[in-house]
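Single-structure report; data block below.
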Amino acid sequence: MGIEKVGTALSNENPEKFTVPPGFVSLTSFTLKKVTDSDEASASMGVDNACGAEPSWIGSAPTVIDFAKAMEHKPWILHNQLKCNRKDSDPEHEMNLPLKASLPEGVVRGCPRCANCQKVISRWCPEESHKPVLEDAPVFHPTEEEFKETLKYISNIRPKAEHFGICRIVPPPSWQPPCLLKEKCVWESSKFETYIQRIDELKKPISKGKLSSTHEETTVKRRRVSQWSKEHQFSNGCREDDNDVSCPDECFESESGPKFTLGDFKKYADNFKSQYFCIVDKAVGSSVSSTGYQESRPSVEDVEGEYWRIIENPSEAIEVLCGINVSSREFQSGFPVDSNLSHSSHMTEYLEYAGSGWNLNNTPMLPGSLLLFESSDTSTASISQLFMGMCFSSLCWKVEEHHLYSLCYMHLGSPKIWYGVPAGYCYKLEGVLKKHFTHYLGQVETPWNLITQVPPSVLKSEGIPLFRCVQSPGEFVVTFPGVYHSEFDCGFNCSERVNFAPFDWLPYGQHVVDIYSEKRRKTSISHDKLLIGAAMVAVRAKWELLVMKNELFENTQWINICGKDGILTKLIKLRIRQEVMRREYLCSSLQSQRMEDRFDLNTKRECSICLFDLHFSAIGCTCSPGKYTCLQHAKFLCSCASDAKYLLIRYKIEELNVLVKALEGDLGAIKKWAVEKLGLTMSSNFSTEAAEGTRL
């Protein structure tokens with residue numbers, strides 16, 4: 001009946017008499033064009049029903065997304081009535097839709113016939129390889145004797161390696177630490193959260209702030225990938241929330257993906273790589289196998305060339321997953337730690353490596369690393385992080401927080417390729433980012449707010465040197481202070497890394513603190529706390545040498561950074577001079593009071609305006625307890641009169657001047673500071689192992 005009415009209306013050519021359907025409004029008259037059966041069939045084509053076959057939307061019919069985009073330009077459609085709630089949509093139904101219309105989707109998960117298959121549509125193009133021609137970073141092979149002292153060895157190779165930015169260290173053959181990640185309870189049970197990376201879009205800078213605007217799309221993507229993993233039976237009987245590991249969003253550079261165990265993630269990663277690097281035998285065609293492809297084993301150079309081809313000249317969409325910054329404290333370190341020993345059957349084997357300086361759980365806290373004076377309650381810089389990767393998963397160009405050193409160890413899997421730019425070109429590289437991506441920056445003031453993988457060819461054309469490093473399982477990679485570096489994986493692997501801060505890092509750390517304050521960037525460590533902590537141990541070492549005649553090596557290494565020309569003395573002087581000027585010219589009228597010892601013991605205190613660290617001093621007001629500013633922003637704290645505000649200080653300037661004299665070697669100042677601030681006496685028996693007592 002309804003069909004007859006429609007037919008009558010069409011024959012009378014009076015479309016205005018129709019009842020306007022939901023989502024449409026009559027703006028003007030238009031002519032309806034007859035659609036042929038062939039056109040209608042073409043427009044309604046979907047994904048091929050054959051499991052594993054090429055989806056028919058590639059290179060042929062427009063997709064639903066294409067149709068939706070086309071409809072945006074039709075003025076007679078009320079789009080607000082057509083939008084569906086994507087959060088409530090069926091993930092199985094969405095499984096076959098491409099995420100982008102500009103390029104064909106690189107991976108299809110599921111089909112109308114079954115949802116538990118994965119088909120990698122994109123293929124390796126060896127004839128279009130973009131492998132960069134770069135000089136390799138140096139590789140060092142320490143002897144067993146040299147390998148015993150971690151920081152000493154890195155200090156010895158620094159003059160040869162620093163101007164490369166990165167280097168690789170191959171341990172002696174006898175150093176074979178157990179990998180606890182392979183333990184069944186970890187491999188099959190502990191889960192970590194993955195993040196989705198669109199490799200073909202890494203050349204397009206994206207502000208980290210803009211990622212929040214794509215949260216809805218991310219939710220749908222994650223549901224689709226998660227559905228695939230569930231249908232593929234990537235489960236071992238654990239509840240979804242068992243041993244889940246999650247980290248703050250600000251730690252990551254990509255969109256959220258599903259959770260995996262290491263065992264399941266390896267299956268997923270291996271499956272992707274084996275399909276992607278299949279070779280099409282055009283001569284034989286489908287007679288090679290049912291899919292028409294033959295398996296290939298690409299070399300590291302093959303993967304590298306293909307990676308940069310995708311970055312520089314993408315022809316398809318490629319999505320991969322990776323686990324980034326997974327805290328070893330929450331998940332599991334690959335190295336043995338003391339807590340493992342009580343229930344381990346490999347007690348002897350574990351003991352040897354649990355106390356090693358190359359065990360990344362120990363490296364930040366070694367004597368001579370200034371992170372020894374930073375509490376893990378206020379900073380995560382001393383906690384090692386795990387990275388789980390698959391083929392093409394990437395960490396884009398970045399510089400370590402506070403320009404710290406980093407040490408990375410690969411526990412297992414396929415190689416990882418690194419690229420490093422020497423510290424001397426740090427700001428030139430940032431200038432290149434601003435130059436090439438000005439239209440993307442908007443209000444983003446600094447390149448570290450961008451997610452982008454700049455090809456080596458672009459950097460070389462701008463006169464920026466960079467060096468290459470291929471890391472294999474069982475090897476370390478060191479990045480030096482202020483070095484921009486990037487990396488990507490050649491297949492499934494798991495690595496662990498941590499920051500550390502030997503004495504020669506101090507100038508870099510002092511410089512970057514001022515930059516962070518200018519840019520109002522949050523700091524992850526208290527540089528002033530490290531300075532004072534180092535000064536305390538240095539004075540203690542001088543006391544033991546001069547008074548107690550204790551000539552231990554641990555004492556002499558601290559003495560080497562003191563004296564009138566010592567690096568520690570110079571930086572303490574510089575910081576005190578800065579503090580004197582701010583107290584005299586910015587807040588001389590305020591009443592001062594002593595800062596409690598616990599002021600920033602368990603909570604890092606920062607300026608509410610510029611995020612500057614407040615370990616030395618702070619401005620407070622009776623109107624807002626718990627809220628403070630640095631001395632430079634005292635007037636921005638509140639609108640109260642100056643007599644309501646107060647200056648919190650940890651030390652008086654006179655006391656800090658005594659500390660400087662003590663570092664320079666004045667015996668009277670050493671005794672005064674040692675007795676009054678460290679509580680030492682002539683009969684005390686001290687060593688640098690007691691440094692714990694000097695922390696503030």
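If you're wondering about the labels, chains in the structure tokens are A, B, ... by order shown, residues count from 1 in each chain, ligands from 1 in order shown.
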
Would you mind listing, for every residue of stretch 571-645 of chain A within 12 Å of stretch 493-507 of chain A, the two atoms forming the shortest contact and the distance between them in Å to one decimal, using only C-alpha atoms, sorted by chain and ascending residue number, as JSON lines?
```
{"residue": "A:Leu571", "atom": "CA", "partner": "A:Pro507", "partner_atom": "CA", "distance": 7.4}
{"residue": "A:Ile572", "atom": "CA", "partner": "A:Leu506", "partner_atom": "CA", "distance": 10.3}
{"residue": "A:Leu574", "atom": "CA", "partner": "A:Pro507", "partner_atom": "CA", "distance": 10.8}
{"residue": "A:Arg575", "atom": "CA", "partner": "A:Pro507", "partner_atom": "CA", "distance": 11.4}
```

Got time to write the residues from that selection, all heavy atoms, as a compact mmCIF listing (two decimals), in the first residue's frame?
```
# COMPACT_ATOMS: atom_id res chain seq x y z
N LEU A 571 78.02 25.39 41.28
CA LEU A 571 76.57 25.42 41.10
C LEU A 571 75.85 25.82 42.37
O LEU A 571 74.82 26.51 42.32
CB LEU A 571 76.09 24.05 40.61
CG LEU A 571 76.48 23.70 39.18
CD1 LEU A 571 76.09 22.28 38.83
CD2 LEU A 571 75.82 24.66 38.19
N ILE A 572 76.38 25.42 43.53
CA ILE A 572 75.80 25.87 44.80
C ILE A 572 75.94 27.39 44.92
O ILE A 572 75.00 28.09 45.33
CB ILE A 572 76.48 25.17 45.99
CG1 ILE A 572 76.04 23.70 46.06
CG2 ILE A 572 76.16 25.88 47.30
CD1 ILE A 572 74.66 23.48 46.63
N LEU A 574 76.15 29.58 42.49
CA LEU A 574 75.23 30.20 41.54
C LEU A 574 73.80 30.20 42.05
O LEU A 574 73.09 31.21 41.96
CB LEU A 574 75.31 29.46 40.20
CG LEU A 574 74.42 29.96 39.07
CD1 LEU A 574 74.82 31.38 38.67
CD2 LEU A 574 74.50 29.03 37.86
N ARG A 575 73.39 29.09 42.63
CA ARG A 575 72.03 28.99 43.15
C ARG A 575 71.82 29.91 44.34
O ARG A 575 70.75 30.54 44.48
CB ARG A 575 71.74 27.53 43.53
CG ARG A 575 70.32 27.30 44.03
CD ARG A 575 69.30 27.57 42.93
NE ARG A 575 67.94 27.43 43.44
CZ ARG A 575 67.23 28.42 43.94
NH1 ARG A 575 67.74 29.65 44.02
NH2 ARG A 575 66.00 28.23 44.37
```

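Proximity of A:Arg468, A:Gly563, A:Ala641, A:Arg650 to A:Glu664, computed with only C-alpha atoms, is greatest for A:Gly563.
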
Taking the DSSP assignment computed from this structure's backbone, write out as an NGL selection string all residues of stretch 356-540 of chain A that belong to helix (DSSP H, G or I).
-> :A and (363-365 or 370-373 or 401-403 or 423-436 or 438-441 or 447-449 or 456-461 or 503-519 or 527-540)

Here atom CA of A:Thr143 and atom CA of A:Pro172 stand apart by 6.1 Å

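Computed from the coordinates, the atom CA of A:Val186 to atom CA of A:Phe387 distance equals 14.9 Å.
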
For A:Glu301, list every protein, DNA or RNA residue within 10 Å, evaluated using only C-alpha atoms, and leave out those in the same chain fewer than 3 positions away; present the list as a VMD selection string.
-> chain A and resid 129 131 to 132 298 304 to 307 417 490

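Using only C-alpha atoms, the shortest contact distance between A:Glu401 and any of A:Tyr516, A:Tyr419, A:Tyr628, A:Phe492 is found at A:Tyr516.
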
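Counting only C-alpha atoms and comparing A:His411, A:Arg520, A:His403, A:Lys204, the residue that lies closest to A:Pro314 is A:Lys204.
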
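Restricting the calculation to only C-alpha atoms, the smallest distance between A:Thr452 and any of A:Gln275, A:Gln632, A:Ser394, A:Ser406 is found for A:Ser394.
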
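Using only C-alpha atoms, the nearest neighbour of A:Phe277 within the list A:Ser299, A:Thr523, A:Gln176, A:Gln332 is A:Ser299.
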
Tell me, as a PyMOL selection string, which residues lie within 12 Å of A:Glu145, counting only C-alpha atoms; anything in the same chain fewer than 3 positions away does not count.
-> chain A and resi 141-142+148-150+152-153+171-172+174-175
